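coords39.txt follows (compact mmCIF, C-alpha atoms and all ligand atoms):
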# COMPACT_ATOMS: atom_id res chain seq x y z
CA MET A 1305 -65.89 -22.26 65.69
CA HIS A 1306 -67.56 -24.61 63.23
CA THR A 1307 -69.37 -23.39 60.19
CA ASP A 1308 -72.72 -24.62 59.11
CA SER A 1309 -74.25 -24.37 55.68
CA ARG A 1310 -77.30 -22.65 57.15
CA VAL A 1311 -75.17 -19.98 58.77
CA ARG A 1312 -73.13 -17.76 56.54
CA LEU A 1313 -70.25 -16.78 58.76
CA LEU A 1314 -68.59 -13.53 57.85
CA GLY A 1315 -65.32 -12.36 59.32
CA LEU A 1316 -65.11 -8.77 60.46
CA LEU A 1317 -62.96 -7.95 57.44
CA ALA A 1318 -65.00 -9.94 54.95
CA GLY A 1319 -66.69 -6.90 53.53
CA SER A 1320 -70.22 -5.66 53.46
CA LEU A 1321 -73.18 -7.86 54.13
CA LEU A 1322 -75.00 -5.84 51.48
CA SER A 1323 -72.95 -7.43 48.72
CA LEU A 1324 -74.47 -10.84 49.45
CA PRO A 1325 -77.21 -12.16 47.19
CA ALA A 1326 -80.51 -11.39 48.88
CA ALA A 1327 -82.27 -14.37 50.44
CA ALA A 1328 -86.04 -14.48 50.53
CA GLN A 1329 -86.07 -14.16 54.30
CA GLU A 1330 -82.97 -13.29 56.23
CA ILE A 1331 -81.58 -11.70 59.33
CA ASN A 1332 -78.21 -10.13 60.04
CA ILE A 1333 -76.93 -10.90 63.52
CA TYR A 1334 -73.90 -9.17 65.01
CA SER A 1335 -72.74 -11.31 67.92
CA ALA A 1336 -70.08 -10.96 70.59
CA ARG A 1337 -70.87 -14.46 71.84
CA HIS A 1338 -68.91 -17.42 70.54
CA TYR A 1339 -70.00 -20.77 71.88
CA ASP A 1340 -70.27 -24.05 70.02
CA SER A 1341 -73.90 -24.33 71.07
CA ASP A 1342 -74.73 -21.08 69.24
CA GLU A 1343 -74.49 -23.02 66.01
CA ALA A 1344 -77.29 -25.38 66.99
CA LEU A 1345 -79.28 -22.36 68.12
CA TYR A 1346 -79.05 -20.62 64.75
CA ALA A 1347 -79.76 -23.83 62.87
CA ALA A 1348 -82.90 -24.42 64.95
CA PHE A 1349 -84.14 -20.88 64.23
CA THR A 1350 -83.71 -21.31 60.48
CA GLU A 1351 -85.39 -24.70 60.62
CA ARG A 1352 -88.42 -23.34 62.51
CA THR A 1353 -88.85 -20.14 60.51
CA GLY A 1354 -87.12 -20.53 57.15
CA ILE A 1355 -85.24 -17.32 57.90
CA GLU A 1356 -81.57 -17.49 56.90
CA ILE A 1357 -79.02 -16.12 59.35
CA ASN A 1358 -76.05 -14.00 58.31
CA LEU A 1359 -73.68 -13.93 61.25
CA LEU A 1360 -71.00 -11.38 61.97
CA GLU A 1361 -68.86 -12.17 65.01
CA GLY A 1362 -66.50 -9.82 66.79
CA ASN A 1363 -65.80 -8.40 70.19
CA SER A 1364 -68.46 -6.21 71.68
CA ASP A 1365 -66.74 -2.85 71.30
CA GLN A 1366 -65.78 -3.63 67.68
CA LEU A 1367 -69.35 -4.52 66.81
CA ILE A 1368 -70.81 -1.44 68.52
CA GLU A 1369 -68.27 0.76 66.74
CA ARG A 1370 -69.05 -0.90 63.43
CA ILE A 1371 -72.80 -0.34 63.73
CA ARG A 1372 -72.16 3.31 64.61
CA ARG A 1373 -69.88 3.72 61.62
CA GLU A 1374 -72.33 2.02 59.25
CA GLY A 1375 -75.02 4.39 60.48
CA GLU A 1376 -78.32 4.26 58.66
CA ALA A 1377 -76.83 1.96 56.05
CA SER A 1378 -76.06 -0.68 58.68
CA PRO A 1379 -77.39 -4.11 57.74
CA ALA A 1380 -77.40 -5.07 61.45
CA ASP A 1381 -80.75 -6.38 62.69
CA VAL A 1382 -79.76 -7.79 66.07
CA LEU A 1383 -76.81 -7.15 68.40
CA VAL A 1384 -75.97 -9.96 70.84
CA THR A 1385 -73.50 -9.29 73.65
CA VAL A 1386 -72.82 -10.01 77.33
CA ASP A 1387 -72.96 -7.87 80.44
CA ALA A 1388 -75.32 -5.00 81.21
CA GLY A 1389 -72.34 -2.64 81.05
CA ARG A 1390 -71.83 -3.47 77.37
CA LEU A 1391 -75.54 -3.48 76.56
CA TRP A 1392 -75.53 -0.02 78.11
CA ARG A 1393 -72.72 1.13 75.79
CA ALA A 1394 -74.84 0.13 72.81
CA GLU A 1395 -77.94 1.67 74.37
CA ASP A 1396 -76.06 4.88 75.17
CA ALA A 1397 -74.84 5.06 71.56
CA GLY A 1398 -78.48 4.96 70.44
CA LEU A 1399 -78.10 1.64 68.64
CA PHE A 1400 -81.18 -0.14 69.98
CA SER A 1401 -84.79 0.26 68.96
CA PRO A 1402 -87.49 -0.61 71.53
CA VAL A 1403 -89.41 -3.87 71.11
CA ASP A 1404 -92.88 -4.34 72.52
CA SER A 1405 -93.50 -8.08 72.55
CA GLU A 1406 -95.98 -9.98 74.67
CA VAL A 1407 -93.85 -13.12 74.32
CA LEU A 1408 -90.72 -11.38 75.58
CA SER A 1409 -92.34 -9.45 78.40
CA SER A 1410 -94.15 -12.51 79.69
CA ARG A 1411 -91.21 -14.93 79.41
CA ILE A 1412 -88.21 -12.81 80.45
CA PRO A 1413 -88.34 -11.69 84.12
CA ALA A 1414 -88.69 -7.90 84.39
CA HIS A 1415 -85.34 -7.40 86.15
CA LEU A 1416 -83.46 -9.12 83.31
CA ARG A 1417 -84.68 -6.82 80.52
CA HIS A 1418 -84.55 -3.13 79.73
CA PRO A 1419 -87.66 -1.37 81.06
CA ASP A 1420 -88.37 0.11 77.60
CA GLY A 1421 -87.61 -3.07 75.65
CA LEU A 1422 -84.31 -1.81 74.24
CA TRP A 1423 -82.68 -5.14 75.05
CA PHE A 1424 -83.49 -8.43 76.76
CA GLY A 1425 -81.37 -10.75 78.92
CA PHE A 1426 -81.47 -14.36 77.71
CA SER A 1427 -78.97 -15.97 80.06
CA MET A 1428 -77.84 -15.20 83.56
CA ARG A 1429 -74.40 -15.32 85.13
CA ARG A 1430 -73.62 -14.85 88.82
CA ARG A 1431 -70.59 -13.17 90.33
CA ALA A 1432 -69.41 -15.51 93.06
CA ILE A 1433 -66.82 -15.48 95.85
CA PHE A 1434 -64.42 -18.40 96.29
CA TYR A 1435 -62.36 -19.27 99.33
CA ASN A 1436 -59.45 -21.63 99.80
CA LYS A 1437 -60.88 -24.55 101.78
CA GLU A 1438 -57.72 -25.04 103.83
CA ARG A 1439 -57.75 -21.44 104.94
CA TRP A 1440 -61.40 -20.62 105.58
CA SER A 1441 -64.58 -22.45 106.30
CA GLU A 1442 -68.28 -22.09 105.76
CA GLY A 1443 -69.68 -18.80 107.03
CA ASP A 1444 -66.32 -16.97 107.09
CA ILE A 1445 -67.29 -14.87 104.10
CA THR A 1446 -70.88 -14.64 102.92
CA THR A 1447 -71.25 -11.13 101.44
CA TYR A 1448 -69.61 -8.81 98.91
CA GLU A 1449 -69.43 -6.22 101.70
CA GLU A 1450 -67.02 -8.47 103.63
CA LEU A 1451 -64.48 -8.28 100.79
CA ALA A 1452 -63.54 -4.94 102.41
CA ASP A 1453 -63.33 -6.38 105.94
CA PRO A 1454 -59.84 -5.84 107.52
CA ARG A 1455 -59.91 -9.55 108.49
CA PHE A 1456 -59.06 -10.25 104.88
CA ARG A 1457 -56.04 -7.95 104.56
CA GLY A 1458 -53.77 -9.26 101.80
CA GLU A 1459 -56.09 -12.18 101.06
CA ILE A 1460 -58.07 -11.20 97.97
CA CYS A 1461 -57.59 -11.86 94.26
CA ILE A 1462 -59.79 -9.90 91.88
CA ARG A 1463 -59.18 -8.75 88.31
CA SER A 1464 -58.70 -5.20 87.14
CA SER A 1465 -61.16 -2.32 87.22
CA SER A 1466 -61.18 -2.24 83.42
CA ASN A 1467 -63.12 -5.51 83.49
CA VAL A 1468 -66.81 -4.91 82.85
CA TYR A 1469 -67.88 -7.70 85.26
CA ASN A 1470 -66.26 -5.83 88.15
CA GLN A 1471 -67.68 -2.53 86.94
CA SER A 1472 -71.15 -4.06 87.04
CA LEU A 1473 -70.51 -5.50 90.51
CA VAL A 1474 -69.53 -2.04 91.75
CA ALA A 1475 -72.57 -0.59 89.95
CA SER A 1476 -74.73 -3.00 91.97
CA MET A 1477 -73.02 -1.87 95.18
CA ILE A 1478 -73.88 1.74 94.29
CA ALA A 1479 -77.52 0.70 93.85
CA ALA A 1480 -77.51 -1.05 97.23
CA HIS A 1481 -75.50 1.44 99.32
CA GLY A 1482 -75.03 4.71 97.43
CA ALA A 1483 -71.83 6.15 95.98
CA GLU A 1484 -70.19 7.29 99.19
CA GLU A 1485 -70.40 3.96 100.99
CA THR A 1486 -69.36 2.16 97.82
CA LEU A 1487 -66.19 4.25 97.62
CA GLU A 1488 -65.33 3.29 101.21
CA TRP A 1489 -65.99 -0.32 100.36
CA ALA A 1490 -63.82 -0.16 97.24
CA GLU A 1491 -60.98 1.37 99.26
CA GLY A 1492 -61.26 -1.43 101.80
CA LEU A 1493 -61.26 -4.03 99.04
CA VAL A 1494 -58.17 -2.49 97.42
CA ALA A 1495 -56.42 -2.51 100.82
CA ASN A 1496 -57.19 -6.25 101.03
CA LEU A 1497 -55.69 -7.21 97.66
CA ALA A 1498 -53.06 -9.94 97.75
CA ARG A 1499 -51.52 -8.74 94.49
CA ALA A 1500 -52.00 -6.14 91.77
CA PRO A 1501 -55.01 -7.14 89.63
CA GLN A 1502 -53.96 -9.43 86.81
CA GLY A 1503 -55.44 -12.08 84.53
CA GLY A 1504 -58.98 -13.21 83.91
CA ASP A 1505 -61.64 -14.67 86.21
CA ARG A 1506 -60.13 -18.16 86.12
CA ASP A 1507 -56.76 -16.80 87.20
CA GLN A 1508 -58.34 -15.40 90.36
CA ILE A 1509 -59.68 -18.86 91.29
CA ARG A 1510 -56.29 -20.42 90.46
CA GLY A 1511 -54.62 -17.80 92.67
CA ALA A 1512 -56.82 -18.68 95.64
CA ALA A 1513 -56.25 -22.40 95.04
CA ALA A 1514 -52.47 -21.95 94.87
CA GLY A 1515 -52.33 -19.84 98.03
CA GLU A 1516 -51.28 -16.57 96.36
CA CYS A 1517 -54.44 -15.27 97.97
CA SER A 1518 -57.20 -17.14 99.79
CA ILE A 1519 -60.32 -15.42 98.47
CA ALA A 1520 -61.24 -14.79 94.84
CA VAL A 1521 -64.06 -13.20 92.87
CA ALA A 1522 -65.20 -14.72 89.58
CA ASN A 1523 -68.29 -15.54 87.57
CA HIS A 1524 -69.74 -18.95 88.41
CA TYR A 1525 -69.25 -20.43 84.94
CA TYR A 1526 -65.46 -20.03 85.07
CA TYR A 1527 -65.48 -22.28 88.12
CA VAL A 1528 -67.58 -24.85 86.26
CA ARG A 1529 -65.20 -24.61 83.30
CA LEU A 1530 -62.28 -25.43 85.61
CA LEU A 1531 -64.23 -28.26 87.25
CA THR A 1532 -65.04 -29.81 83.88
CA SER A 1533 -61.68 -29.07 82.26
CA ASP A 1534 -59.54 -31.74 80.55
CA ASP A 1535 -56.54 -30.31 82.39
CA PRO A 1536 -56.10 -32.04 85.78
CA ALA A 1537 -54.47 -28.87 87.19
CA ASP A 1538 -57.69 -26.94 86.52
CA VAL A 1539 -59.82 -29.59 88.24
CA GLU A 1540 -57.44 -29.57 91.19
CA ALA A 1541 -57.68 -25.78 91.44
CA ALA A 1542 -61.47 -25.88 91.39
CA ASN A 1543 -61.50 -28.59 94.06
CA ALA A 1544 -59.27 -26.51 96.35
CA VAL A 1545 -61.86 -23.74 96.62
CA GLN A 1546 -65.40 -23.44 97.86
CA ILE A 1547 -67.88 -21.42 95.81
CA VAL A 1548 -70.04 -18.95 97.75
CA PHE A 1549 -73.11 -17.22 96.32
CA PRO A 1550 -73.02 -14.01 98.34
CA ASN A 1551 -75.70 -12.06 100.18
CA GLN A 1552 -78.17 -14.91 100.59
CA ASP A 1553 -79.57 -13.34 103.77
CA GLY A 1554 -79.97 -9.97 102.07
CA ARG A 1555 -80.55 -8.72 98.55
CA GLY A 1556 -79.16 -11.86 96.89
CA THR A 1557 -76.22 -12.61 94.61
CA HIS A 1558 -75.27 -10.11 91.91
CA ALA A 1559 -76.37 -11.36 88.51
CA ASN A 1560 -75.67 -10.18 85.01
CA VAL A 1561 -76.89 -11.26 81.59
CA GLY A 1562 -76.05 -12.27 78.08
CA GLY A 1563 -78.52 -10.29 76.04
CA ALA A 1564 -79.66 -8.93 72.73
CA GLY A 1565 -81.63 -6.09 71.22
CA VAL A 1566 -83.05 -5.07 67.87
CA VAL A 1567 -80.92 -2.48 66.10
CA GLU A 1568 -82.41 0.91 65.23
CA GLY A 1569 -83.22 0.98 61.52
CA ALA A 1570 -82.93 -2.82 61.20
CA PRO A 1571 -83.68 -3.76 57.58
CA ASN A 1572 -85.34 -7.01 58.72
CA ARG A 1573 -87.00 -5.80 61.88
CA GLU A 1574 -89.85 -8.30 61.89
CA ASN A 1575 -87.42 -11.20 61.58
CA ALA A 1576 -85.28 -9.65 64.30
CA VAL A 1577 -88.21 -9.62 66.73
CA ARG A 1578 -88.99 -13.21 65.78
CA PHE A 1579 -85.39 -14.12 66.54
CA LEU A 1580 -85.54 -12.55 70.00
CA GLU A 1581 -88.85 -14.34 70.67
CA PHE A 1582 -87.24 -17.56 69.51
CA LEU A 1583 -84.39 -16.98 72.00
CA ALA A 1584 -87.00 -16.91 74.76
CA SER A 1585 -88.40 -20.34 73.80
CA ASP A 1586 -87.62 -23.32 76.05
CA GLU A 1587 -85.62 -24.98 73.28
CA ALA A 1588 -83.45 -21.93 72.58
CA GLN A 1589 -83.09 -21.07 76.25
CA ALA A 1590 -81.46 -24.40 77.04
CA LEU A 1591 -79.03 -23.98 74.13
CA PHE A 1592 -78.26 -20.31 74.76
CA ALA A 1593 -77.47 -20.84 78.44
CA SER A 1594 -75.86 -24.28 78.50
CA GLY A 1595 -73.01 -23.47 76.11
CA ASN A 1596 -71.45 -21.43 78.90
CA PHE A 1597 -72.97 -23.12 81.99
CA GLU A 1598 -75.21 -20.09 82.45
CA PHE A 1599 -78.71 -19.99 83.87
CA PRO A 1600 -81.56 -19.59 81.40
CA ALA A 1601 -83.39 -16.29 81.89
CA VAL A 1602 -86.75 -18.00 81.47
CA LYS A 1603 -87.99 -19.82 84.55
CA GLY A 1604 -88.55 -23.52 83.98
CA ALA A 1605 -86.14 -23.81 81.03
CA GLU A 1606 -83.78 -26.76 81.32
CA LEU A 1607 -80.62 -26.24 83.39
CA HIS A 1608 -77.25 -27.73 82.54
CA PRO A 1609 -76.64 -30.68 84.95
CA GLU A 1610 -73.51 -28.99 86.34
CA ILE A 1611 -75.48 -26.01 87.66
CA ARG A 1612 -78.76 -27.64 88.75
CA LYS A 1613 -77.63 -27.73 92.37
CA TRP A 1614 -77.60 -23.91 92.42
CA ARG A 1615 -81.12 -23.45 91.08
CA ASP A 1616 -82.50 -22.09 94.38
CA VAL A 1617 -79.83 -19.47 95.02
CA LYS A 1618 -81.33 -16.06 95.79
CA ILE A 1619 -80.56 -13.50 93.09
CA ASP A 1620 -80.51 -9.72 93.45
CA ASP A 1621 -83.57 -8.62 91.48
CA LEU A 1622 -82.25 -5.12 90.85
CA ASN A 1623 -83.10 -4.23 87.25
CA ILE A 1624 -80.01 -5.06 85.20
CA ALA A 1625 -80.39 -1.79 83.26
CA VAL A 1626 -79.40 0.08 86.46
CA LEU A 1627 -75.93 -1.50 86.20
CA GLY A 1628 -75.41 0.28 82.90
CA HIS A 1629 -76.70 3.57 84.20
CA ASN A 1630 -74.32 3.33 87.18
CA ASN A 1631 -71.37 2.23 85.05
CA ALA A 1632 -69.60 5.59 84.69
CA GLU A 1633 -69.87 6.29 88.39
CA ALA A 1634 -68.62 2.79 89.19
CA VAL A 1635 -65.54 3.38 87.04
CA ARG A 1636 -64.90 6.72 88.77
CA ILE A 1637 -65.18 5.12 92.20
CA MET A 1638 -62.82 2.28 91.30
CA ASP A 1639 -60.35 4.80 89.98
CA ARG A 1640 -60.54 6.95 93.12
CA ALA A 1641 -60.11 3.87 95.30
CA GLY A 1642 -56.89 3.03 93.44
CA TRP A 1643 -58.31 -0.17 91.93
CA ARG A 1644 -56.03 -0.71 88.94
FE FE B 1701 -67.00 -14.28 80.71
Can you dump the structure from the file as structure tokens?
Ligand code: FE
Amino acid sequence: MHTDSRVRLLGLLAGSLLSLPAAAQEINIYSARHYDSDEALYAAFTERTGIEINLLEGNSDQLIERIRREGEASPADVLVTVDAGRLWRAEDAGLFSPVDSEVLSSRIPAHLRHPDGLWFGFSMRRRAIFYNKERWSEGDITTYEELADPRFRGEICIRSSSNVYNQSLVASMIAAHGAEETLEWAEGLVANLARAPQGGDRDQIRGAAAGECSIAVANHYYYVRLLTSDDPADVEAANAVQIVFPNQDGRGTHANVGGAGVVEGAPNRENAVRFLEFLASDEAQALFASGNFEFPAVKGAELHPEIRKWRDVKIDDLNIAVLGHNNAEAVRIMDRAGWR
């Protein structure tokens, strides 16, 4: 993480933002995102608007807990985090205040934002399936549903049920099939596991490449990170698997977002709305998404060259907010299915 003179970076333990000398125009951003490109993003905002950014970085649960604890005295104007499941936690804790913005509602597709404007998705990630190219070929697995097919007994690598990406995937299955069928599916998937869930998304792809399993589930950008890695072993792993964007003949591939909302009681609310509107601009969209090889939420914004080939993939247009609402039930189902 680099620091920039225009961004005052505060560690979680660095004390209260309130003790800082007041700038003429400022905004306090609590962010669970940490990409090098974020720096350029913040600098561009300050350059365009003259509004200084005070940045507090931490993990999502820490930041949510901190805003709760600070209560009405919280200096937080904007909370930035990833995954609808986490945006839901903040929403459920009553941290977000609705924003009614013509810019945001016209630029961000309806399914990538909260129906009441509590938060907005600014980048999109897709949960993909990967198969070992020596073991399977095109058409062998094309849907999430097939992860539970007995053909794949002992073949699947997927991370644990505590991972919010998997919780959101299961939440999308509930939306598509109902709870009962989703439980059956989850039981089938658990029966197909090659090993007890372990590691992160990249480890699932590595497992399929190394033959510990032959099918893996991971977000698309982890695959691109392996492909573009400086470590030849990573590139080799990525080249051993084929990426599949599931459910192209049906509802489309499950997508999730990196998103942000204005905090209830934000001391600089007007600036906070301006910041969200700035995030929806073409310039900010390219920066926000490309730092993690994600897809910009706004149609027509520039795509990172590594992901351009996937621009026409069909995406499930289920409203992302539903994933949050289904989160608790998804966790219960995973637990009942024995997904550890
Ligand atoms: Fe991730």
Polymer residues at most 10 Å from A:Ile1509, only C-alpha atoms, same-chain spacing of 2 or more positions, as a PyMOL selection string:
chain A and resi 1433-1436+1461-1462+1504-1507+1511-1514+1517-1523+1526-1527+1530+1538+1541-1542+1544-1547
With only C-alpha atoms and all ligand atoms counted, collect every polymer residue having an atom within 12 Å of ligand FE 1701 (chain B); state the result as a PyMOL selection string. chain A and resi 1336-1339+1385-1387+1428-1431+1467-1470+1504-1506+1522-1529+1560-1562+1595-1598
- prompt: Which residue gives the smallest distance to A:His1415 among A:Pro1501, A:Ala1388, A:Ala1634, A:Arg1578, with all atoms listed in the file counted?
  reply: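 Smallest separation from A:His1415 among the options: A:Ala1388.
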(request) Scan for residues within 10 Å of the point (-71.0, -19.7, 98.0) in the coordinates of the file, using all atoms listed in the file, and reply as a ChimeraX atom specification. (result) /A:1432-1435,1442-1443,1445-1447,1524,1546-1552,1557,1614,1617
- Item | Residues near A:Glu1606, cut-off 8 Å, all atoms listed in the file, skip fewer than 6 positions along chain, as a list of chain:residue names | A:Asp1586, A:Gln1589, A:Ala1590, A:Pro1600
Handout entry: Contact residues around A:Phe1424 with only C-alpha atoms at 8 Å, ignoring same-chain residues under 4 positions, as a PyMOL selection string
Key = chain A and resi 1408+1412+1416-1418+1563-1565
### Query
So how many Å separate atom CA of A:Phe1349 and atom CA of A:Pro1419, to one decimal?
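Answer for the atom CA of A:Phe1349 to atom CA of A:Pro1419 separation: 26.0 Å.
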ask   = Of the residues A:Ser1335, A:Asn1496, A:Asn1623, A:Ser1378, which is the one nearest to A:Ile1460, using all atoms listed in the file?
value =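 Looking only at the distances to A:Ile1460, the closest residue turns out to be A:Asn1496.
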One decimal place gives the atom CA of A:Asp1444-atom CA of A:Ala1559 separation as 21.9 Å
How about completing stretch 1554-1563 of chain A with all heavy atoms and giving it to me as a PDB file, in the coordinates of the input?
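Now in rebuild_36.pdb:
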ATOM      1  N   GLY A1554     -79.605 -11.346 102.385  1.00  0.00           N
ATOM      2  CA  GLY A1554     -79.970  -9.970 102.070  1.00  0.00           C
ATOM      3  C   GLY A1554     -80.569  -9.858 100.683  1.00  0.00           C
ATOM      4  O   GLY A1554     -81.506 -10.571 100.342  1.00  0.00           O
ATOM      5  N   ARG A1555     -79.948  -9.000  99.855  1.00  0.00           N
ATOM      6  CA  ARG A1555     -80.550  -8.720  98.550  1.00  0.00           C
ATOM      7  C   ARG A1555     -80.326  -9.837  97.534  1.00  0.00           C
ATOM      8  O   ARG A1555     -80.972  -9.858  96.484  1.00  0.00           O
ATOM      9  CB  ARG A1555     -79.992  -7.406  97.995  1.00  0.00           C
ATOM     10  CG  ARG A1555     -78.506  -7.413  97.690  1.00  0.00           C
ATOM     11  CD  ARG A1555     -78.013  -6.037  97.253  1.00  0.00           C
ATOM     12  NE  ARG A1555     -76.598  -6.011  96.938  1.00  0.00           N
ATOM     13  CZ  ARG A1555     -75.618  -5.889  97.838  1.00  0.00           C
ATOM     14  NH1 ARG A1555     -75.916  -5.766  99.115  1.00  0.00           N
ATOM     15  NH2 ARG A1555     -74.353  -5.900  97.476  1.00  0.00           N
ATOM     16  N   GLY A1556     -79.432 -10.760  97.827  1.00  0.00           N
ATOM     17  CA  GLY A1556     -79.160 -11.860  96.890  1.00  0.00           C
ATOM     18  C   GLY A1556     -77.876 -11.621  96.118  1.00  0.00           C
ATOM     19  O   GLY A1556     -77.270 -10.554  96.173  1.00  0.00           O
ATOM     20  N   THR A1557     -77.472 -12.647  95.373  1.00  0.00           N
ATOM     21  CA  THR A1557     -76.220 -12.610  94.610  1.00  0.00           C
ATOM     22  C   THR A1557     -76.356 -11.727  93.363  1.00  0.00           C
ATOM     23  O   THR A1557     -77.384 -11.750  92.689  1.00  0.00           O
ATOM     24  CB  THR A1557     -75.841 -14.052  94.201  1.00  0.00           C
ATOM     25  OG1 THR A1557     -75.548 -14.795  95.390  1.00  0.00           O
ATOM     26  CG2 THR A1557     -74.636 -14.082  93.271  1.00  0.00           C
ATOM     27  N   HIS A1558     -75.301 -10.976  93.094  1.00  0.00           N
ATOM     28  CA  HIS A1558     -75.270 -10.110  91.910  1.00  0.00           C
ATOM     29  C   HIS A1558     -75.293 -10.943  90.629  1.00  0.00           C
ATOM     30  O   HIS A1558     -74.473 -11.838  90.453  1.00  0.00           O
ATOM     31  CB  HIS A1558     -73.995  -9.252  91.962  1.00  0.00           C
ATOM     32  CG  HIS A1558     -73.673  -8.551  90.683  1.00  0.00           C
ATOM     33  ND1 HIS A1558     -74.528  -7.661  90.086  1.00  0.00           N
ATOM     34  CD2 HIS A1558     -72.580  -8.616  89.879  1.00  0.00           C
ATOM     35  CE1 HIS A1558     -73.974  -7.198  88.962  1.00  0.00           C
ATOM     36  NE2 HIS A1558     -72.797  -7.761  88.826  1.00  0.00           N
ATOM     37  N   ALA A1559     -76.238 -10.632  89.776  1.00  0.00           N
ATOM     38  CA  ALA A1559     -76.370 -11.360  88.510  1.00  0.00           C
ATOM     39  C   ALA A1559     -76.214 -10.411  87.343  1.00  0.00           C
ATOM     40  O   ALA A1559     -76.459  -9.212  87.460  1.00  0.00           O
ATOM     41  CB  ALA A1559     -77.729 -12.045  88.444  1.00  0.00           C
ATOM     42  N   ASN A1560     -75.781 -10.960  86.240  1.00  0.00           N
ATOM     43  CA  ASN A1560     -75.670 -10.180  85.010  1.00  0.00           C
ATOM     44  C   ASN A1560     -76.225 -11.044  83.879  1.00  0.00           C
ATOM     45  O   ASN A1560     -76.655 -12.178  84.126  1.00  0.00           O
ATOM     46  CB  ASN A1560     -74.205  -9.797  84.779  1.00  0.00           C
ATOM     47  CG  ASN A1560     -74.104  -8.446  84.083  1.00  0.00           C
ATOM     48  OD1 ASN A1560     -74.800  -8.160  83.106  1.00  0.00           O
ATOM     49  ND2 ASN A1560     -73.238  -7.604  84.602  1.00  0.00           N
ATOM     50  N   VAL A1561     -76.239 -10.521  82.667  1.00  0.00           N
ATOM     51  CA  VAL A1561     -76.890 -11.260  81.590  1.00  0.00           C
ATOM     52  C   VAL A1561     -76.048 -11.321  80.313  1.00  0.00           C
ATOM     53  O   VAL A1561     -75.162 -10.507  80.091  1.00  0.00           O
ATOM     54  CB  VAL A1561     -78.244 -10.603  81.189  1.00  0.00           C
ATOM     55  CG1 VAL A1561     -79.257 -10.719  82.309  1.00  0.00           C
ATOM     56  CG2 VAL A1561     -78.043  -9.146  80.756  1.00  0.00           C
ATOM     57  N   GLY A1562     -76.364 -12.319  79.495  1.00  0.00           N
ATOM     58  CA  GLY A1562     -76.050 -12.270  78.080  1.00  0.00           C
ATOM     59  C   GLY A1562     -77.339 -11.818  77.425  1.00  0.00           C
ATOM     60  O   GLY A1562     -78.406 -12.326  77.762  1.00  0.00           O
ATOM     61  N   GLY A1563     -77.264 -10.830  76.546  1.00  0.00           N
ATOM     62  CA  GLY A1563     -78.520 -10.290  76.040  1.00  0.00           C
ATOM     63  C   GLY A1563     -78.446  -9.829  74.611  1.00  0.00           C
ATOM     64  O   GLY A1563     -77.382  -9.881  73.976  1.00  0.00           O
TER      65      GLY A1563
END
